[in-house]
Structure formats: structure tokens, C-alpha cells
file coords_7.cif (mmCIF, C-alpha atoms)
data_final
#
loop_
_atom_site.group_PDB
_atom_site.id
_atom_site.type_symbol
_atom_site.label_atom_id
_atom_site.label_comp_id
_atom_site.auth_asym_id
_atom_site.auth_seq_id
_atom_site.Cartn_x
_atom_site.Cartn_y
_atom_site.Cartn_z
ATOM 1 C CA MET A 26 23.178 -27.288 81.067
ATOM 2 C CA THR A 27 21.518 -28.968 84.043
ATOM 3 C CA LEU A 28 21.700 -32.706 84.614
ATOM 4 C CA LYS A 29 17.944 -32.956 83.974
ATOM 5 C CA LYS A 30 18.288 -31.321 80.557
ATOM 6 C CA ILE A 31 21.273 -33.489 79.684
ATOM 7 C CA LEU A 32 19.345 -36.667 80.555
ATOM 8 C CA ALA A 33 16.354 -35.461 78.516
ATOM 9 C CA ALA A 34 18.575 -34.769 75.512
ATOM 10 C CA VAL A 35 20.209 -38.207 75.797
ATOM 11 C CA ALA A 36 16.771 -39.850 76.009
ATOM 12 C CA ALA A 37 15.593 -37.987 72.914
ATOM 13 C CA VAL A 38 18.664 -39.064 70.939
ATOM 14 C CA ALA A 39 18.236 -42.666 72.106
ATOM 15 C CA ALA A 40 14.564 -42.653 71.065
ATOM 16 C CA THR A 41 15.481 -41.267 67.642
ATOM 17 C CA LEU A 42 18.163 -43.916 67.148
ATOM 18 C CA SER A 43 15.785 -46.638 68.307
ATOM 19 C CA LEU A 44 13.070 -45.455 65.886
ATOM 20 C CA GLY A 45 15.589 -45.315 63.055
ATOM 21 C CA ALA A 46 16.764 -48.843 63.794
ATOM 22 C CA ALA A 47 13.181 -50.114 63.926
ATOM 23 C CA GLN A 48 12.368 -48.509 60.592
ATOM 24 C CA ALA A 49 15.524 -49.925 59.013
ATOM 25 C CA ALA A 50 14.623 -53.439 60.172
ATOM 26 C CA TYR A 51 10.928 -53.149 59.205
ATOM 27 C CA PRO A 52 9.083 -55.444 58.956
ATOM 28 C CA GLU A 53 10.111 -57.887 61.664
ATOM 29 C CA LYS A 54 6.762 -59.626 62.112
ATOM 30 C CA PRO A 55 3.506 -60.259 60.185
ATOM 31 C CA ILE A 56 1.451 -57.235 59.129
ATOM 32 C CA THR A 57 -2.307 -57.006 59.574
ATOM 33 C CA MET A 58 -4.446 -55.702 56.725
ATOM 34 C CA ILE A 59 -7.863 -54.704 58.070
ATOM 35 C CA VAL A 60 -10.773 -55.294 55.688
ATOM 36 C CA PRO A 61 -13.969 -53.688 57.079
ATOM 37 C CA PHE A 62 -16.245 -56.327 55.562
ATOM 38 C CA ALA A 63 -16.971 -60.030 55.862
ATOM 39 C CA ALA A 64 -14.702 -62.682 54.404
ATOM 40 C CA GLY A 65 -15.645 -63.793 50.907
ATOM 41 C CA GLY A 66 -17.041 -60.447 49.793
ATOM 42 C CA PRO A 67 -15.731 -58.311 46.913
ATOM 43 C CA THR A 68 -13.432 -56.122 49.021
ATOM 44 C CA ASP A 69 -12.069 -59.163 50.833
ATOM 45 C CA THR A 70 -11.306 -60.724 47.444
ATOM 46 C CA VAL A 71 -9.308 -57.654 46.389
ATOM 47 C CA ALA A 72 -7.408 -57.663 49.694
ATOM 48 C CA ARG A 73 -6.486 -61.331 49.551
ATOM 49 C CA THR A 74 -5.438 -61.063 45.912
ATOM 50 C CA ILE A 75 -2.870 -58.332 46.578
ATOM 51 C CA GLY A 76 -2.034 -59.369 50.144
ATOM 52 C CA GLN A 77 -0.355 -62.585 49.041
ATOM 53 C CA VAL A 78 1.992 -60.757 46.674
ATOM 54 C CA MET A 79 2.653 -57.887 49.087
ATOM 55 C CA SER A 80 3.810 -60.538 51.564
ATOM 56 C CA LYS A 81 6.538 -61.584 49.138
ATOM 57 C CA SER A 82 7.723 -58.013 48.656
ATOM 58 C CA LEU A 83 7.688 -57.192 52.380
ATOM 59 C CA GLY A 84 9.255 -60.449 53.478
ATOM 60 C CA GLN A 85 6.548 -60.960 56.082
ATOM 61 C CA GLN A 86 3.059 -62.409 55.894
ATOM 62 C CA VAL A 87 0.170 -59.991 55.351
ATOM 63 C CA ILE A 88 -2.691 -61.301 57.467
ATOM 64 C CA ILE A 89 -6.223 -60.294 56.475
ATOM 65 C CA GLU A 90 -8.417 -59.329 59.430
ATOM 66 C CA ASN A 91 -12.108 -58.986 58.600
ATOM 67 C CA VAL A 92 -13.759 -56.407 60.856
ATOM 68 C CA GLY A 93 -17.285 -55.990 59.504
ATOM 69 C CA GLY A 94 -20.235 -53.901 60.591
ATOM 70 C CA ALA A 95 -21.785 -50.446 60.239
ATOM 71 C CA GLY A 96 -20.950 -50.039 56.566
ATOM 72 C CA GLY A 97 -17.250 -50.512 57.161
ATOM 73 C CA THR A 98 -16.932 -47.797 59.809
ATOM 74 C CA ILE A 99 -16.078 -50.253 62.593
ATOM 75 C CA GLY A 100 -13.120 -51.585 60.640
ATOM 76 C CA VAL A 101 -11.934 -48.096 59.737
ATOM 77 C CA GLN A 102 -12.144 -47.096 63.404
ATOM 78 C CA ARG A 103 -10.036 -50.143 64.302
ATOM 79 C CA ALA A 104 -7.357 -49.002 61.853
ATOM 80 C CA VAL A 105 -7.469 -45.393 63.058
ATOM 81 C CA SER A 106 -6.981 -46.569 66.655
ATOM 82 C CA ALA A 107 -4.094 -48.927 65.869
ATOM 83 C CA GLN A 108 -0.479 -48.228 66.746
ATOM 84 C CA PRO A 109 1.208 -46.259 63.916
ATOM 85 C CA ASP A 110 4.113 -48.703 63.701
ATOM 86 C CA GLY A 111 3.581 -50.121 60.223
ATOM 87 C CA TYR A 112 2.041 -53.383 61.395
ATOM 88 C CA THR A 113 -1.536 -52.336 60.649
ATOM 89 C CA MET A 114 -2.911 -51.150 57.340
ATOM 90 C CA LEU A 115 -6.423 -50.659 56.049
ATOM 91 C CA LEU A 116 -7.885 -51.659 52.706
ATOM 92 C CA MET A 117 -11.172 -49.848 52.225
ATOM 93 C CA HIS A 118 -13.342 -48.926 49.266
ATOM 94 C CA ILE A 119 -15.458 -45.966 48.157
ATOM 95 C CA GLY A 120 -17.507 -46.263 51.364
ATOM 96 C CA ILE A 121 -14.832 -44.333 53.244
ATOM 97 C CA SER A 122 -15.860 -41.248 51.255
ATOM 98 C CA THR A 123 -19.603 -41.638 51.821
ATOM 99 C CA ALA A 124 -19.518 -42.401 55.546
ATOM 100 C CA PRO A 125 -19.152 -38.712 56.556
ATOM 101 C CA SER A 126 -22.536 -38.027 54.924
ATOM 102 C CA LEU A 127 -24.253 -41.304 55.804
ATOM 103 C CA TYR A 128 -23.373 -41.452 59.495
ATOM 104 C CA ARG A 129 -24.472 -38.719 61.855
ATOM 105 C CA THR A 130 -21.555 -39.285 64.190
ATOM 106 C CA LEU A 131 -18.177 -40.688 63.254
ATOM 107 C CA LYS A 132 -15.331 -41.025 65.724
ATOM 108 C CA TYR A 133 -12.746 -40.359 63.038
ATOM 109 C CA ASP A 134 -11.985 -38.103 60.099
ATOM 110 C CA ALA A 135 -10.506 -40.201 57.305
ATOM 111 C CA THR A 136 -8.866 -37.151 55.728
ATOM 112 C CA LYS A 137 -6.933 -36.428 58.943
ATOM 113 C CA ASP A 138 -6.659 -39.676 60.908
ATOM 114 C CA LEU A 139 -5.183 -41.927 58.224
ATOM 115 C CA GLU A 140 -2.058 -41.860 56.050
ATOM 116 C CA PRO A 141 -2.822 -42.578 52.372
ATOM 117 C CA ILE A 142 -0.645 -45.168 50.633
ATOM 118 C CA GLY A 143 -2.185 -45.519 47.181
ATOM 119 C CA LEU A 144 -5.128 -46.596 45.049
ATOM 120 C CA VAL A 145 -5.436 -50.290 44.230
ATOM 121 C CA THR A 146 -8.205 -50.859 41.694
ATOM 122 C CA GLU A 147 -11.568 -49.526 40.609
ATOM 123 C CA VAL A 148 -14.171 -52.243 40.213
ATOM 124 C CA PRO A 149 -17.058 -51.609 37.797
ATOM 125 C CA MET A 150 -20.648 -52.254 38.827
ATOM 126 C CA THR A 151 -23.255 -54.271 36.969
ATOM 127 C CA PHE A 152 -27.013 -53.875 36.769
ATOM 128 C CA VAL A 153 -28.419 -57.348 37.343
ATOM 129 C CA ALA A 154 -31.887 -58.786 37.980
ATOM 130 C CA LYS A 155 -33.674 -62.008 38.761
ATOM 131 C CA LYS A 156 -33.835 -64.403 35.819
ATOM 132 C CA ASP A 157 -37.490 -63.784 34.967
ATOM 133 C CA PHE A 158 -37.412 -59.973 35.230
ATOM 134 C CA PRO A 159 -39.459 -58.853 32.173
ATOM 135 C CA PRO A 160 -37.286 -56.163 30.487
ATOM 136 C CA LYS A 161 -35.104 -57.491 27.670
ATOM 137 C CA ASP A 162 -32.379 -54.849 27.693
ATOM 138 C CA PHE A 163 -31.133 -51.919 29.742
ATOM 139 C CA LYS A 164 -33.233 -49.275 28.024
ATOM 140 C CA GLU A 165 -36.380 -51.351 28.583
ATOM 141 C CA MET A 166 -35.331 -51.953 32.187
ATOM 142 C CA VAL A 167 -35.104 -48.227 32.961
ATOM 143 C CA ALA A 168 -38.507 -47.586 31.376
ATOM 144 C CA TYR A 169 -39.995 -50.562 33.216
ATOM 145 C CA VAL A 170 -38.829 -49.551 36.699
ATOM 146 C CA LYS A 171 -40.018 -45.983 36.168
ATOM 147 C CA ALA A 172 -43.457 -47.239 35.142
ATOM 148 C CA ASN A 173 -43.648 -49.844 37.928
ATOM 149 C CA LYS A 174 -41.799 -48.133 40.750
ATOM 150 C CA ALA A 175 -44.331 -49.177 43.376
ATOM 151 C CA LYS A 176 -43.672 -52.876 42.855
ATOM 152 C CA VAL A 177 -40.006 -53.079 41.806
ATOM 153 C CA SER A 178 -37.609 -54.008 44.618
ATOM 154 C CA LEU A 179 -33.975 -52.903 44.565
ATOM 155 C CA ALA A 180 -31.651 -54.951 46.768
ATOM 156 C CA ASN A 181 -28.461 -53.777 48.408
ATOM 157 C CA ALA A 182 -25.893 -55.161 50.843
ATOM 158 C CA GLY A 183 -26.653 -52.611 53.557
ATOM 159 C CA ILE A 184 -26.256 -48.897 54.215
ATOM 160 C CA GLY A 185 -22.958 -47.639 52.858
ATOM 161 C CA SER A 186 -22.303 -50.707 50.722
ATOM 162 C CA ALA A 187 -21.293 -50.355 47.084
ATOM 163 C CA SER A 188 -24.648 -51.700 45.938
ATOM 164 C CA HIS A 189 -26.448 -49.177 48.142
ATOM 165 C CA LEU A 190 -24.439 -46.292 46.667
ATOM 166 C CA CYS A 191 -25.000 -47.416 43.088
ATOM 167 C CA GLY A 192 -28.708 -47.819 43.791
ATOM 168 C CA MET A 193 -28.972 -44.306 45.225
ATOM 169 C CA LEU A 194 -27.171 -42.836 42.230
ATOM 170 C CA PHE A 195 -29.399 -44.809 39.853
ATOM 171 C CA MET A 196 -32.618 -43.606 41.513
ATOM 172 C CA SER A 197 -31.304 -40.043 41.601
ATOM 173 C CA THR A 198 -30.366 -40.181 37.917
ATOM 174 C CA ILE A 199 -33.716 -41.555 36.704
ATOM 175 C CA GLU A 200 -35.597 -39.435 39.279
ATOM 176 C CA THR A 201 -37.519 -42.444 40.536
ATOM 177 C CA ASP A 202 -37.685 -43.840 44.059
ATOM 178 C CA LEU A 203 -37.871 -47.627 44.276
ATOM 179 C CA LEU A 204 -38.545 -50.011 47.136
ATOM 180 C CA THR A 205 -35.067 -50.665 48.528
ATOM 181 C CA VAL A 206 -34.328 -53.882 50.405
ATOM 182 C CA PRO A 207 -31.170 -53.766 52.532
ATOM 183 C CA TYR A 208 -29.374 -56.977 53.500
ATOM 184 C CA LYS A 209 -26.589 -57.753 55.936
ATOM 185 C CA GLY A 210 -24.014 -58.347 53.264
ATOM 186 C CA THR A 211 -23.611 -59.062 49.578
ATOM 187 C CA GLY A 212 -24.025 -62.836 49.941
ATOM 188 C CA PRO A 213 -27.615 -62.887 51.213
ATOM 189 C CA ALA A 214 -28.632 -60.145 48.766
ATOM 190 C CA MET A 215 -27.306 -62.178 45.842
ATOM 191 C CA THR A 216 -28.924 -65.351 47.177
ATOM 192 C CA ASP A 217 -32.348 -63.700 47.234
ATOM 193 C CA LEU A 218 -31.813 -62.164 43.802
ATOM 194 C CA MET A 219 -31.017 -65.596 42.361
ATOM 195 C CA GLY A 220 -34.018 -66.996 44.201
ATOM 196 C CA GLY A 221 -36.345 -64.340 42.780
ATOM 197 C CA GLN A 222 -37.229 -62.764 46.141
ATOM 198 C CA VAL A 223 -36.016 -59.353 44.921
ATOM 199 C CA ASP A 224 -36.012 -57.869 41.436
ATOM 200 C CA LEU A 225 -32.947 -55.774 40.824
ATOM 201 C CA MET A 226 -29.489 -54.953 42.133
ATOM 202 C CA CYS A 227 -26.439 -52.960 41.116
ATOM 203 C CA ASP A 228 -23.287 -54.624 42.415
ATOM 204 C CA GLN A 229 -19.596 -55.053 41.743
ATOM 205 C CA THR A 230 -18.298 -57.307 38.969
ATOM 206 C CA THR A 231 -16.253 -59.076 41.641
ATOM 207 C CA ASN A 232 -19.549 -60.336 43.037
ATOM 208 C CA THR A 233 -21.680 -60.744 39.917
ATOM 209 C CA THR A 234 -19.423 -62.063 37.141
ATOM 210 C CA ALA A 235 -19.621 -65.724 38.143
ATOM 211 C CA GLN A 236 -23.417 -65.595 38.507
ATOM 212 C CA ILE A 237 -23.788 -63.823 35.156
ATOM 213 C CA LYS A 238 -21.580 -66.350 33.375
ATOM 214 C CA GLY A 239 -23.392 -69.175 35.125
ATOM 215 C CA ASP A 240 -26.707 -67.830 33.786
ATOM 216 C CA LYS A 241 -28.114 -67.591 37.302
ATOM 217 C CA ILE A 242 -29.165 -63.928 36.969
ATOM 218 C CA LYS A 243 -30.038 -61.532 34.165
ATOM 219 C CA ALA A 244 -27.462 -58.834 33.351
ATOM 220 C CA TYR A 245 -28.230 -55.489 31.702
ATOM 221 C CA ALA A 246 -25.191 -53.206 31.731
ATOM 222 C CA VAL A 247 -21.898 -52.273 33.340
ATOM 223 C CA THR A 248 -21.286 -48.883 34.929
ATOM 224 C CA SER A 249 -17.750 -48.313 33.634
ATOM 225 C CA LYS A 250 -16.820 -45.821 30.922
ATOM 226 C CA THR A 251 -15.783 -48.644 28.613
ATOM 227 C CA PRO A 252 -16.990 -52.260 28.247
ATOM 228 C CA VAL A 253 -15.569 -54.872 30.607
ATOM 229 C CA ALA A 254 -13.441 -57.552 28.938
ATOM 230 C CA SER A 255 -14.747 -60.361 31.137
ATOM 231 C CA LEU A 256 -18.358 -59.438 30.257
ATOM 232 C CA PRO A 257 -18.057 -58.548 26.553
ATOM 233 C CA ASN A 258 -21.782 -58.835 25.791
ATOM 234 C CA LEU A 259 -22.808 -56.157 28.271
ATOM 235 C CA PRO A 260 -23.058 -52.523 27.116
ATOM 236 C CA THR A 261 -22.120 -49.637 29.355
ATOM 237 C CA ALA A 262 -25.036 -47.868 31.022
ATOM 238 C CA ASP A 263 -23.977 -44.684 29.238
ATOM 239 C CA ALA A 264 -24.042 -46.312 25.789
ATOM 240 C CA ALA A 265 -27.340 -48.052 26.605
ATOM 241 C CA GLY A 266 -29.121 -44.751 27.233
ATOM 242 C CA LEU A 267 -28.280 -43.488 30.721
ATOM 243 C CA LYS A 268 -25.923 -40.741 29.578
ATOM 244 C CA GLY A 269 -23.109 -39.882 31.937
ATOM 245 C CA PHE A 270 -23.876 -42.691 34.360
ATOM 246 C CA ASN A 271 -20.537 -43.950 35.589
ATOM 247 C CA VAL A 272 -19.677 -45.328 38.997
ATOM 248 C CA GLY A 273 -16.884 -47.598 40.116
ATOM 249 C CA VAL A 274 -15.881 -48.977 43.486
ATOM 250 C CA TRP A 275 -12.358 -47.741 44.011
ATOM 251 C CA HIS A 276 -10.166 -49.292 46.687
ATOM 252 C CA GLY A 277 -7.237 -47.775 48.547
ATOM 253 C CA ILE A 278 -4.753 -48.597 51.276
ATOM 254 C CA TRP A 279 -4.093 -46.453 54.349
ATOM 255 C CA THR A 280 -2.072 -46.697 57.555
ATOM 256 C CA PRO A 281 -2.803 -45.072 60.937
ATOM 257 C CA LYS A 282 -1.900 -41.400 61.294
ATOM 258 C CA GLY A 283 1.667 -40.989 62.460
ATOM 259 C CA THR A 284 3.107 -44.048 60.739
ATOM 260 C CA PRO A 285 6.694 -43.065 59.765
ATOM 261 C CA LYS A 286 7.146 -42.024 56.153
ATOM 262 C CA ALA A 287 9.935 -44.556 55.592
ATOM 263 C CA ILE A 288 7.554 -47.364 56.551
ATOM 264 C CA ASN A 289 4.728 -45.962 54.433
ATOM 265 C CA ASP A 290 7.136 -45.790 51.504
ATOM 266 C CA ARG A 291 7.999 -49.449 52.070
ATOM 267 C CA ILE A 292 4.307 -50.413 52.047
ATOM 268 C CA GLN A 293 3.679 -48.361 48.920
ATOM 269 C CA LYS A 294 6.568 -50.138 47.172
ATOM 270 C CA ALA A 295 5.013 -53.486 48.124
ATOM 271 C CA LEU A 296 1.662 -52.327 46.729
ATOM 272 C CA GLN A 297 3.280 -51.242 43.465
ATOM 273 C CA ASP A 298 5.086 -54.582 43.206
ATOM 274 C CA ALA A 299 1.794 -56.436 43.746
ATOM 275 C CA LEU A 300 -0.062 -54.423 41.115
ATOM 276 C CA LYS A 301 2.615 -55.296 38.547
ATOM 277 C CA ASP A 302 2.423 -59.001 39.330
ATOM 278 C CA LYS A 303 1.144 -61.167 36.473
ATOM 279 C CA ASP A 304 -1.035 -63.332 38.704
ATOM 280 C CA VAL A 305 -2.672 -60.273 40.289
ATOM 281 C CA ILE A 306 -3.358 -58.749 36.872
ATOM 282 C CA GLU A 307 -4.898 -62.017 35.642
ATOM 283 C CA ARG A 308 -6.945 -62.455 38.804
ATOM 284 C CA PHE A 309 -8.275 -58.909 38.579
ATOM 285 C CA ALA A 310 -9.123 -59.398 34.884
ATOM 286 C CA GLY A 311 -11.205 -62.430 35.775
ATOM 287 C CA LEU A 312 -13.117 -60.255 38.232
ATOM 288 C CA GLY A 313 -13.785 -57.581 35.634
ATOM 289 C CA THR A 314 -11.237 -55.070 36.865
ATOM 290 C CA ALA A 315 -7.553 -54.088 36.593
ATOM 291 C CA PRO A 316 -4.843 -52.501 38.734
ATOM 292 C CA GLU A 317 -4.886 -48.712 38.882
ATOM 293 C CA PRO A 318 -2.252 -47.012 36.682
ATOM 294 C CA ALA A 319 1.117 -46.352 38.344
ATOM 295 C CA ASN A 320 0.421 -42.630 38.723
ATOM 296 C CA ARG A 321 -2.590 -43.451 40.904
ATOM 297 C CA GLN A 322 -0.776 -45.902 43.148
ATOM 298 C CA THR A 323 0.464 -42.955 45.216
ATOM 299 C CA PRO A 324 -0.445 -41.174 48.457
ATOM 300 C CA GLU A 325 -1.147 -37.958 46.551
ATOM 301 C CA ALA A 326 -3.610 -39.661 44.190
ATOM 302 C CA LEU A 327 -5.463 -41.394 47.028
ATOM 303 C CA ARG A 328 -5.633 -38.184 49.071
ATOM 304 C CA ALA A 329 -7.130 -36.309 46.098
ATOM 305 C CA GLN A 330 -9.540 -39.164 45.320
ATOM 306 C CA LEU A 331 -10.906 -39.219 48.855
ATOM 307 C CA ALA A 332 -11.472 -35.452 48.929
ATOM 308 C CA SER A 333 -13.213 -35.349 45.539
ATOM 309 C CA GLU A 334 -15.436 -38.346 46.324
ATOM 310 C CA ILE A 335 -16.562 -36.895 49.667
ATOM 311 C CA ALA A 336 -17.659 -33.786 47.769
ATOM 312 C CA LYS A 337 -19.354 -35.846 45.016
ATOM 313 C CA TRP A 338 -21.474 -38.064 47.255
ATOM 314 C CA ALA A 339 -22.540 -35.573 49.940
ATOM 315 C CA PRO A 340 -25.345 -33.922 47.897
ATOM 316 C CA ILE A 341 -26.588 -37.277 46.540
ATOM 317 C CA ILE A 342 -26.887 -38.749 50.026
ATOM 318 C CA LYS A 343 -28.451 -35.569 51.396
ATOM 319 C CA LYS A 344 -31.081 -35.607 48.623
ATOM 320 C CA ALA A 345 -31.856 -39.274 49.324
ATOM 321 C CA GLY A 346 -32.299 -38.491 53.016
ATOM 322 C CA VAL A 347 -30.569 -41.706 54.076
ATOM 323 C CA TYR A 348 -28.716 -41.656 57.379
ATOM 324 C CA ALA A 349 -27.408 -44.199 59.840
ATOM 325 C CA ASP A 350 -26.700 -43.790 63.530
#
call {"tool": "encode", "arguments": {"input": "coords_7.cif", "output": "C-alpha cells"}}
result
Amino acid sequence: MTLKKILAAVAAVAATLSLGAAQAAYPEKPITMIVPFAAGGPTDTVARTIGQVMSKSLGQQVIIENVGGAGGTIGVQRAVSAQPDGYTMLLMHIGISTAPSLYRTLKYDATKDLEPIGLVTEVPMTFVAKKDFPPKDFKEMVAYVKANKAKVSLANAGIGSASHLCGMLFMSTIETDLLTVPYKGTGPAMTDLMGGQVDLMCDQTTNTTAQIKGDKIKAYAVTSKTPVASLPNLPTADAAGLKGFNVGVWHGIWTPKGTPKAINDRIQKALQDALKDKDVIERFAGLGTAPEPANRQTPEALRAQLASEIAKWAPIIKKAGVYAD
């Protein structure tokens, strides 16, 4: 063997030993959790709720970094481009599965450029309206918007947001196009709904529960398969007449492609610990949601969820003809 080959072999062994030592000591510094939306929003709330408990399990602080813009795609791109060393993870919602259809050009492929860790929670949506919206119940609301489609406004938090997706599915299901009003975030959309500037919105319980309980908006139904414990007086959309209508905003955690399996396993263990924590369970319950079952807190479950949701939303978005640059 030549000296050059010997030196190369020694370097390879040294690199392997160094990587093994780094993985064994992981984590040695704070870990960044990228949230592709503004602070204070529903996804940020989910991230901060589990991040605190994951910090305890990992022995290092989990720092939330809000990287908003372009329906979450900027934040996802940041995570994809990060070093695969275990010090960056991404918490993203259902929007990661709709972006391939909504955006004409993406610089990443979420199915190939990210390592799935596990599902976190699936947040139900609620159909809500301004306080003086005429319909008394959900069935009346559907009939009313179909009869008055030219003057009913449907708010959303921007292209690719959960409220945008729910609105598209709603219009597709009732075969009625409404005047959609996009906002730059959930906060301003909710502010205008409470102020009566827009009529209707479908948004996550994490964003609507407090306003519903405070009697600041009118609530018609939840979009889950079963009633939500924190909103016991609201029927499901399915039970109220919109058969088969079910949509939830699922959230998952990923790391950059190439992150060592041992480190991903460590992060998954921290996620599982967080989702068993009593305070997390109680906090989620107050937001109208719950941790995903243990069998869905896995890389395999998140990988399958992403693939099936990409396939589900592609024809709906194509039919709506909504695209972003």
C-alpha cells in the first residue's frame, strides 16, 4: 500500500471516530427549532409548547427561530440548507405537503431533502364568522354562502396557510367560489373578522378557541371527525350536514438530510418524552388538540403522511387554479 493510501485510510478512520464521539456527546450546545411562521401564531404555539419539554429531555435548550414568509417555504428552505449535525430541526405543518402544488418553483423536495422524525399533533379547524353574520347554524351557513356567494368574503392568513387550505377544500366541497381575502398572517385576519371587515374564516382551534369562548366571533362547526372537548357546543361539519368533510392541520418534525441516525433517534426520543408530558397534554387540550398516538410519533408515520397528503391536495389545488411564484 502506498503512503498516500495509508494516509487516506488513517484520515477516514479518524473522521469516523470523530463523528462517533460527536454523536455520543450530542447535544453539546443549544438546538434551533425552525418555525416557518411568525411568533404568536398557531404553529409557533405548538413549537414552544413541546420545545420547552424537549429541552429537558435533550439536556440543552431548544431555541425557537421564526422564519416566516412565502407560506412557510422560506423557513423550510432554511432547514434544508442547514448543517446536518443535529443542531437544526424543523417544525412544520400540513403546508409542507401543499407547497409542491402551490409554488411553481421550489428549491427543495421535502420528501428527499429532509429526514422525518415524527408527527406531533393534528389541530382541528373551526368555521367561524363575524358576530353579526346572519346564519344561525352550520347548515344555514352553507346554504347562505351558496345563495350569496357574490357578497360573502372568506378570509385566510395567506397562500399556503391552514386557513387558505381549509377554505379551498370548503369551496370545492360545496362547489361554490367565494370572494377570498388573503392576509399576511393569522393575526390580522382574525382582527378583521372580529371587527366585521370580513365575513367568514376556517382556522385552527389554536387560533380561534379563545375568541370563541370570549364571544368575540360566531362559531359554527369543527372539522374533526369527533367533537372537540374544549368546544363541546360545536358540532362536527360532517354531523352538521357536510358529509365527509374532515381536515386537520398536522404538524411534524424534520432534520436536514444527512443528519446521523443516532442523532435523529435522540431527537425522536425527546419528542416522545414531550408528548407524554402532563403539561404538554393539558396545554394541547386547552387548544383543542392532543398529542399524536405513539405509533405516529415515528419517522415512518411522518414519511407516509407527507406522501399521502401531497397526493390528496394536488388535485384540489389544481382545480382551484391557485399558484404562487
call {"tool": "closest_atom_pairs", "arguments": {"input": "coords_7.cif", "of": "region 140-168 of chain A", "to": "region 217-225 of chain A", "cutoff": "12 Å", "atoms": "only C-alpha atoms", "output": "tab-separated table"}}
result
residue	atom	partner	partner_atom	distance
A:Thr151	CA	A:Leu225	CA	10.5
A:Phe152	CA	A:Leu225	CA	7.4
A:Val153	CA	A:Leu225	CA	5.9
A:Ala154	CA	A:Leu225	CA	4.3
A:Lys155	CA	A:Gly221	CA	5.4
A:Lys156	CA	A:Met219	CA	7.2
A:Asp157	CA	A:Gly221	CA	7.9
A:Phe158	CA	A:Asp224	CA	6.7
A:Pro159	CA	A:Asp224	CA	9.9
A:Pro160	CA	A:Asp224	CA	11.2
A:Phe163	CA	A:Leu225	CA	11.9
A:Met166	CA	A:Leu225	CA	9.7
A:Val167	CA	A:Leu225	CA	11.1
call {"tool": "resolve_selection", "arguments": {"input": "coords_7.cif", "expression": "the PyMOL selection byres ((chain A and resi 126) around 8)", "output": "PyMOL selection string"}}
result
chain A and resi 123-125+127-129+338-339+342-343+348
call {"tool": "resolve_selection", "arguments": {"input": "coords_7.cif", "expression": "the PyMOL selection byres ((chain A and resi 175) around 12)", "output": "count of residues only"}}
result
15
call {"tool": "resolve_selection", "arguments": {"input": "coords_7.cif", "expression": "the PyMOL selection byres ((chain A and resi 188) around 12)", "output": "number ranges by chain"}}
result
A: 67, 96, 119-120, 148-153, 179-187, 189-195, 205-212, 214-215, 225-233, 248, 272-274
call {"tool": "closest_residue", "arguments": {"input": "coords_7.cif", "among": "A:Phe270, A:Tyr51, A:Phe62, A:Tyr112", "to": "Met196 (chain A)", "atoms": "only C-alpha atoms"}}
result
A:Phe270
call {"tool": "closest_residue", "arguments": {"input": "coords_7.cif", "among": "A:Asn258, A:Gln322, A:Asn289, A:Thr130", "to": "Thr98 (chain A)", "atoms": "only C-alpha atoms"}}
result
A:Thr130
call {"tool": "atom_distance", "arguments": {"input": "coords_7.cif", "atom1": "CA of Leu256 (chain A)", "atom2": "CA of Ala299 (chain A)"}}
result
24.4 Å
call {"tool": "residues_around", "arguments": {"input": "coords_7.cif", "residues": "region 327-334 of chain A", "least_positions_apart": "3", "cutoff": "6 Å", "atoms": "only C-alpha atoms", "output": "compact mmCIF listing (two decimals) with C-alpha atoms, in the coordinates of the input"}}
result
# COMPACT_ATOMS: atom_id res chain seq x y z
CA SER A 122 -15.86 -41.25 51.26
CA GLY A 143 -2.18 -45.52 47.18
CA LEU A 144 -5.13 -46.60 45.05
CA PRO A 324 -0.44 -41.17 48.46
CA LYS A 337 -19.35 -35.85 45.02
call {"tool": "decode", "arguments": {"input": "coords_7.cif", "residues": "region 106-117 of chain A", "atoms": "N, CA and C atoms", "output": "PDB file, in the first residue's frame"}}
result
ATOM      1  N   SER A 106     -31.151  23.746   4.078  1.00  0.00           N
ATOM      2  CA  SER A 106     -29.796  24.222   3.816  1.00  0.00           C
ATOM      3  C   SER A 106     -28.883  24.161   5.035  1.00  0.00           C
ATOM      4  N   ALA A 107     -29.437  23.827   6.194  1.00  0.00           N
ATOM      5  CA  ALA A 107     -28.647  23.816   7.425  1.00  0.00           C
ATOM      6  C   ALA A 107     -27.696  22.622   7.482  1.00  0.00           C
ATOM      7  N   GLN A 108     -26.679  22.738   8.302  1.00  0.00           N
ATOM      8  CA  GLN A 108     -25.745  21.638   8.500  1.00  0.00           C
ATOM      9  C   GLN A 108     -26.484  20.444   9.118  1.00  0.00           C
ATOM     10  N   PRO A 109     -26.270  19.237   8.616  1.00  0.00           N
ATOM     11  CA  PRO A 109     -26.958  18.057   9.164  1.00  0.00           C
ATOM     12  C   PRO A 109     -26.246  17.501  10.395  1.00  0.00           C
ATOM     13  N   ASP A 110     -26.114  18.346  11.421  1.00  0.00           N
ATOM     14  CA  ASP A 110     -25.345  17.955  12.606  1.00  0.00           C
ATOM     15  C   ASP A 110     -26.206  17.782  13.854  1.00  0.00           C
ATOM     16  N   GLY A 111     -27.526  17.873  13.674  1.00  0.00           N
ATOM     17  CA  GLY A 111     -28.419  17.686  14.813  1.00  0.00           C
ATOM     18  C   GLY A 111     -28.747  18.962  15.566  1.00  0.00           C
ATOM     19  N   TYR A 112     -28.178  20.086  15.157  1.00  0.00           N
ATOM     20  CA  TYR A 112     -28.426  21.330  15.868  1.00  0.00           C
ATOM     21  C   TYR A 112     -29.446  22.216  15.164  1.00  0.00           C
ATOM     22  N   THR A 113     -30.082  21.672  14.136  1.00  0.00           N
ATOM     23  CA  THR A 113     -31.205  22.349  13.485  1.00  0.00           C
ATOM     24  C   THR A 113     -32.298  21.336  13.231  1.00  0.00           C
ATOM     25  N   MET A 114     -33.505  21.669  13.638  1.00  0.00           N
ATOM     26  CA  MET A 114     -34.668  20.862  13.266  1.00  0.00           C
ATOM     27  C   MET A 114     -35.770  21.790  12.808  1.00  0.00           C
ATOM     28  N   LEU A 115     -36.733  21.227  12.136  1.00  0.00           N
ATOM     29  CA  LEU A 115     -37.837  21.983  11.552  1.00  0.00           C
ATOM     30  C   LEU A 115     -39.152  21.467  12.105  1.00  0.00           C
ATOM     31  N   LEU A 116     -39.995  22.388  12.574  1.00  0.00           N
ATOM     32  CA  LEU A 116     -41.374  22.026  12.895  1.00  0.00           C
ATOM     33  C   LEU A 116     -42.264  22.725  11.880  1.00  0.00           C
ATOM     34  N   MET A 117     -42.933  21.932  11.068  1.00  0.00           N
ATOM     35  CA  MET A 117     -43.770  22.473  10.000  1.00  0.00           C
ATOM     36  C   MET A 117     -45.099  21.735   9.982  1.00  0.00           C
TER      37      MET A 117
END
